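Engineer: Structure file final_1.txt (compact mmCIF, C-alpha atoms and all ligand atoms) is given on the next line.
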# COMPACT_ATOMS: atom_id res chain seq x y z
CA MET A 1 -47.29 -3.84 -59.89
CA ALA A 2 -45.51 -4.11 -56.53
CA GLU A 3 -43.79 -7.38 -55.68
CA GLU A 4 -45.47 -9.56 -53.08
CA THR A 5 -43.71 -10.31 -49.81
CA ILE A 6 -43.98 -13.15 -47.33
CA PHE A 7 -46.83 -11.21 -45.70
CA SER A 8 -49.13 -11.89 -48.70
CA LYS A 9 -48.55 -15.61 -48.15
CA ILE A 10 -49.40 -15.22 -44.45
CA ILE A 11 -52.64 -13.39 -45.37
CA ARG A 12 -53.62 -16.24 -47.72
CA GLY A 13 -52.68 -18.89 -45.16
CA GLU A 14 -49.99 -20.33 -47.43
CA ILE A 15 -47.33 -20.18 -44.74
CA PRO A 16 -47.87 -20.54 -40.99
CA ALA A 17 -48.25 -17.56 -38.69
CA ASN A 18 -49.85 -17.01 -35.32
CA ILE A 19 -52.83 -15.01 -36.58
CA VAL A 20 -54.72 -13.17 -33.85
CA PHE A 21 -57.26 -11.35 -36.05
CA GLN A 22 -58.36 -11.31 -39.68
CA ASP A 23 -61.20 -9.71 -41.60
CA ASP A 24 -61.81 -8.49 -45.16
CA LEU A 25 -59.44 -5.55 -44.78
CA VAL A 26 -56.62 -6.48 -42.41
CA THR A 27 -54.67 -9.37 -40.87
CA ALA A 28 -52.85 -9.33 -37.51
CA PHE A 29 -50.27 -11.89 -36.43
CA ARG A 30 -47.49 -12.25 -33.85
CA ASP A 31 -44.07 -11.00 -34.94
CA ILE A 32 -41.59 -13.84 -35.54
CA SER A 33 -38.92 -11.94 -33.61
CA PRO A 34 -40.76 -10.22 -30.75
CA GLN A 35 -39.19 -7.08 -29.28
CA ALA A 36 -41.64 -6.94 -26.34
CA PRO A 37 -43.93 -9.40 -24.50
CA THR A 38 -46.68 -8.41 -26.93
CA HIS A 39 -45.46 -7.76 -30.48
CA ILE A 40 -48.11 -8.06 -33.15
CA LEU A 41 -48.05 -6.88 -36.76
CA ILE A 42 -51.28 -5.47 -38.19
CA ILE A 43 -51.26 -5.25 -41.97
CA PRO A 44 -53.66 -4.33 -44.77
CA ASN A 45 -54.68 -7.35 -46.85
CA LYS A 46 -54.04 -5.13 -49.88
CA LEU A 47 -50.35 -4.86 -50.79
CA ILE A 48 -49.09 -1.32 -50.15
CA PRO A 49 -45.26 -1.50 -50.15
CA THR A 50 -44.44 1.60 -48.08
CA VAL A 51 -46.15 4.57 -46.48
CA ASN A 52 -44.92 6.55 -49.50
CA ASP A 53 -47.32 4.50 -51.65
CA VAL A 54 -50.42 5.33 -49.60
CA THR A 55 -53.21 7.13 -51.48
CA ALA A 56 -56.55 8.66 -50.48
CA GLU A 57 -58.21 5.37 -51.51
CA ASP A 58 -56.42 3.67 -48.61
CA GLU A 59 -57.91 5.88 -45.90
CA GLN A 60 -60.53 3.33 -44.87
CA VAL A 61 -58.12 0.43 -44.48
CA LEU A 62 -55.52 2.57 -42.71
CA GLY A 63 -58.12 3.85 -40.25
CA HIS A 64 -59.18 0.25 -39.71
CA LEU A 65 -55.62 -0.66 -38.68
CA PHE A 66 -56.08 1.61 -35.65
CA VAL A 67 -59.52 0.20 -34.80
CA VAL A 68 -58.08 -3.32 -34.88
CA ALA A 69 -54.97 -2.26 -32.91
CA ALA A 70 -57.18 -0.91 -30.10
CA LYS A 71 -59.25 -4.13 -30.11
CA ILE A 72 -56.18 -6.36 -29.96
CA ALA A 73 -54.62 -4.26 -27.19
CA GLN A 74 -57.77 -4.91 -25.14
CA GLN A 75 -57.62 -8.64 -25.93
CA GLU A 76 -53.95 -8.78 -24.92
CA GLY A 77 -54.70 -6.98 -21.65
CA ILE A 78 -52.27 -4.14 -22.36
CA ALA A 79 -54.69 -1.33 -23.22
CA GLU A 80 -54.76 0.32 -19.82
CA ASP A 81 -51.00 0.21 -19.13
CA GLY A 82 -50.36 1.36 -22.69
CA TYR A 83 -48.47 0.31 -25.75
CA ARG A 84 -46.69 1.67 -28.83
CA LEU A 85 -47.74 1.63 -32.49
CA VAL A 86 -44.89 1.94 -35.00
CA MET A 87 -44.75 1.95 -38.78
CA ASN A 88 -41.32 2.02 -40.41
CA CYS A 89 -40.71 3.45 -43.88
CA ASN A 90 -37.79 2.58 -46.17
CA LYS A 91 -34.12 2.40 -45.24
CA HIS A 92 -33.78 5.16 -42.67
CA GLY A 93 -36.99 3.99 -40.99
CA GLY A 94 -35.62 0.45 -40.74
CA GLN A 95 -38.30 -1.15 -42.93
CA GLU A 96 -37.41 -4.74 -43.85
CA VAL A 97 -40.65 -6.09 -45.28
CA PHE A 98 -42.17 -4.01 -48.07
CA HIS A 99 -45.83 -4.55 -47.25
CA ILE A 100 -46.81 -1.85 -44.78
CA HIS A 101 -47.40 -3.03 -41.26
CA MET A 102 -48.20 -1.49 -37.92
CA HIS A 103 -46.14 -2.89 -35.03
CA LEU A 104 -48.19 -3.17 -31.82
CA LEU A 105 -45.72 -3.39 -28.93
CA GLY A 106 -46.47 -3.63 -25.23
CA GLY A 107 -46.51 -5.70 -22.09
CA LYS A 108 -43.69 -3.81 -20.36
CA PRO A 109 -42.45 -0.20 -20.13
CA LEU A 110 -40.97 0.44 -23.56
CA GLY A 111 -38.55 3.23 -22.68
CA PRO A 112 -37.65 6.12 -24.95
CA LEU A 113 -38.97 6.12 -28.50
CA LEU A 114 -35.62 6.04 -30.27
CA SER A 115 -32.31 4.35 -29.53
CA LEU A 116 -29.89 5.96 -31.95
P1 LIG A 201 -39.97 -3.86 -40.32
O1 LIG A 201 -38.52 -3.75 -39.91
O2 LIG A 201 -40.80 -2.70 -39.80
O3 LIG A 201 -40.14 -4.08 -41.81
O4 LIG A 201 -40.53 -5.12 -39.56
C1 LIG A 201 -40.66 -6.38 -40.14
C2 LIG A 201 -41.06 -7.32 -39.04
O5 LIG A 201 -41.60 -8.48 -39.65
C3 LIG A 201 -39.92 -7.78 -38.15
O6 LIG A 201 -40.19 -7.35 -36.80
C4 LIG A 201 -39.93 -9.29 -38.23
C5 LIG A 201 -41.27 -9.61 -38.86
N1 LIG A 201 -41.28 -10.74 -39.77
C6 LIG A 201 -40.49 -10.89 -40.87
N2 LIG A 201 -40.78 -12.05 -41.49
C7 LIG A 201 -41.78 -12.64 -40.76
C8 LIG A 201 -42.50 -13.86 -40.90
O7 LIG A 201 -42.29 -14.65 -41.82
N3 LIG A 201 -43.44 -14.13 -39.96
C9 LIG A 201 -43.70 -13.26 -38.93
N4 LIG A 201 -44.66 -13.64 -38.06
N5 LIG A 201 -43.04 -12.10 -38.77
C10 LIG A 201 -42.09 -11.79 -39.67
Mind turning this structure into structure tokens?

Structural biologist:
Amino acid sequence: MAEETIFSKIIRGEIPANIVFQDDLVTAFRDISPQAPTHILIIPNKLIPTVNDVTAEDEQVLGHLFVVAAKIAQQEGIAEDGYRLVMNCNKHGGQEVFHIHMHLLGGKPLGPLLSL
């Protein structure tokens, strides 16, 4: 059984977060340390620690992350100008919280994908 992270507490409303969307499958909230004018994390309510742990059973929820990302981008008024969706995996990917999450970043030109 994977160990819960702070994100499970946010999903259950046990610690505060600026939640912008929640349904049976996913929760979206503003990143505590925003890297762009809009920086929202969209996460499955089910704990999946990393992309390496994804299985075929997760296809519905993972597809839903994209549907919700597109909806939130519209709400935030950044859909037309564009935005970036990022999911980090493990150490080389820079993952810090082991509950998979899609970063939705936008609100300004984001520049090149990688700064190495
Ligand atoms: P990553 O490096 O991909 O694992 O990104 C983790 C992100 O999670 C990072 O941008 C900061 C954010 N974060 C960490 N803890 C909290 C928290 O308690 N609340 C919120 N809103 N965001 C958090």

Engineer: For A:Ile6, which of A:Val97, A:Val51, A:Ile72, A:Leu25 is the closest residue, counting all atoms listed in the file?

Structural biologist: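 When distances to A:Ile6 are compared using all atoms listed in the file, the smallest one comes from A:Val97.
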
Engineer: Would you list the residues that come within 10 Å of ligand LIG 201 (chain A)? Count only C-alpha atoms and all ligand atoms and give the answer as a short mmCIF file (atom, residue, chain, number, x, y, z; two decimals) with C-alpha atoms, keeping the file's coordinate frame.

Structural biologist:
data_model
loop_
_atom_site.label_atom_id
_atom_site.label_comp_id
_atom_site.auth_asym_id
_atom_site.auth_seq_id
_atom_site.Cartn_x
_atom_site.Cartn_y
_atom_site.Cartn_z
CA THR A 5 -43.71 -10.31 -49.81
CA ILE A 6 -43.98 -13.15 -47.33
CA PHE A 7 -46.83 -11.21 -45.70
CA LYS A 9 -48.55 -15.61 -48.15
CA ILE A 10 -49.40 -15.22 -44.45
CA ILE A 15 -47.33 -20.18 -44.74
CA PRO A 16 -47.87 -20.54 -40.99
CA ALA A 17 -48.25 -17.56 -38.69
CA ASN A 18 -49.85 -17.01 -35.32
CA ILE A 19 -52.83 -15.01 -36.58
CA ALA A 28 -52.85 -9.33 -37.51
CA PHE A 29 -50.27 -11.89 -36.43
CA ARG A 30 -47.49 -12.25 -33.85
CA ASP A 31 -44.07 -11.00 -34.94
CA ILE A 32 -41.59 -13.84 -35.54
CA SER A 33 -38.92 -11.94 -33.61
CA PRO A 34 -40.76 -10.22 -30.75
CA GLN A 35 -39.19 -7.08 -29.28
CA HIS A 39 -45.46 -7.76 -30.48
CA ILE A 40 -48.11 -8.06 -33.15
CA LEU A 41 -48.05 -6.88 -36.76
CA THR A 50 -44.44 1.60 -48.08
CA VAL A 86 -44.89 1.94 -35.00
CA MET A 87 -44.75 1.95 -38.78
CA ASN A 88 -41.32 2.02 -40.41
CA CYS A 89 -40.71 3.45 -43.88
CA ASN A 90 -37.79 2.58 -46.17
CA LYS A 91 -34.12 2.40 -45.24
CA GLY A 93 -36.99 3.99 -40.99
CA GLY A 94 -35.62 0.45 -40.74
CA GLN A 95 -38.30 -1.15 -42.93
CA GLU A 96 -37.41 -4.74 -43.85
CA VAL A 97 -40.65 -6.09 -45.28
CA PHE A 98 -42.17 -4.01 -48.07
CA HIS A 99 -45.83 -4.55 -47.25
CA ILE A 100 -46.81 -1.85 -44.78
CA HIS A 101 -47.40 -3.03 -41.26
CA MET A 102 -48.20 -1.49 -37.92
CA HIS A 103 -46.14 -2.89 -35.03
#

Engineer: Could you pull out every residue with an atom within 9 Å of (-55.4, -5.7, -50.3), file coordinates, counting only C-alpha atoms, and send them as a list in words?

Structural biologist: Ser8, Asp24, Leu25, Val26, Pro44, Asn45, Lys46, Leu47, Ile48 and Val61 of chain A

Engineer: Between atom CA of A:Phe66 and atom CA of A:Ala2, what is the distance, to one decimal in Å?

Structural biologist: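 Between atom CA of A:Phe66 and atom CA of A:Ala2 the gap is 24.1 Å.
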
Engineer: Work out how far atom CA of A:Ala73 is from atom CA of A:Pro109, in Å to one decimal.

Structural biologist: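 Computing it gives 14.6 Å between the two atoms.
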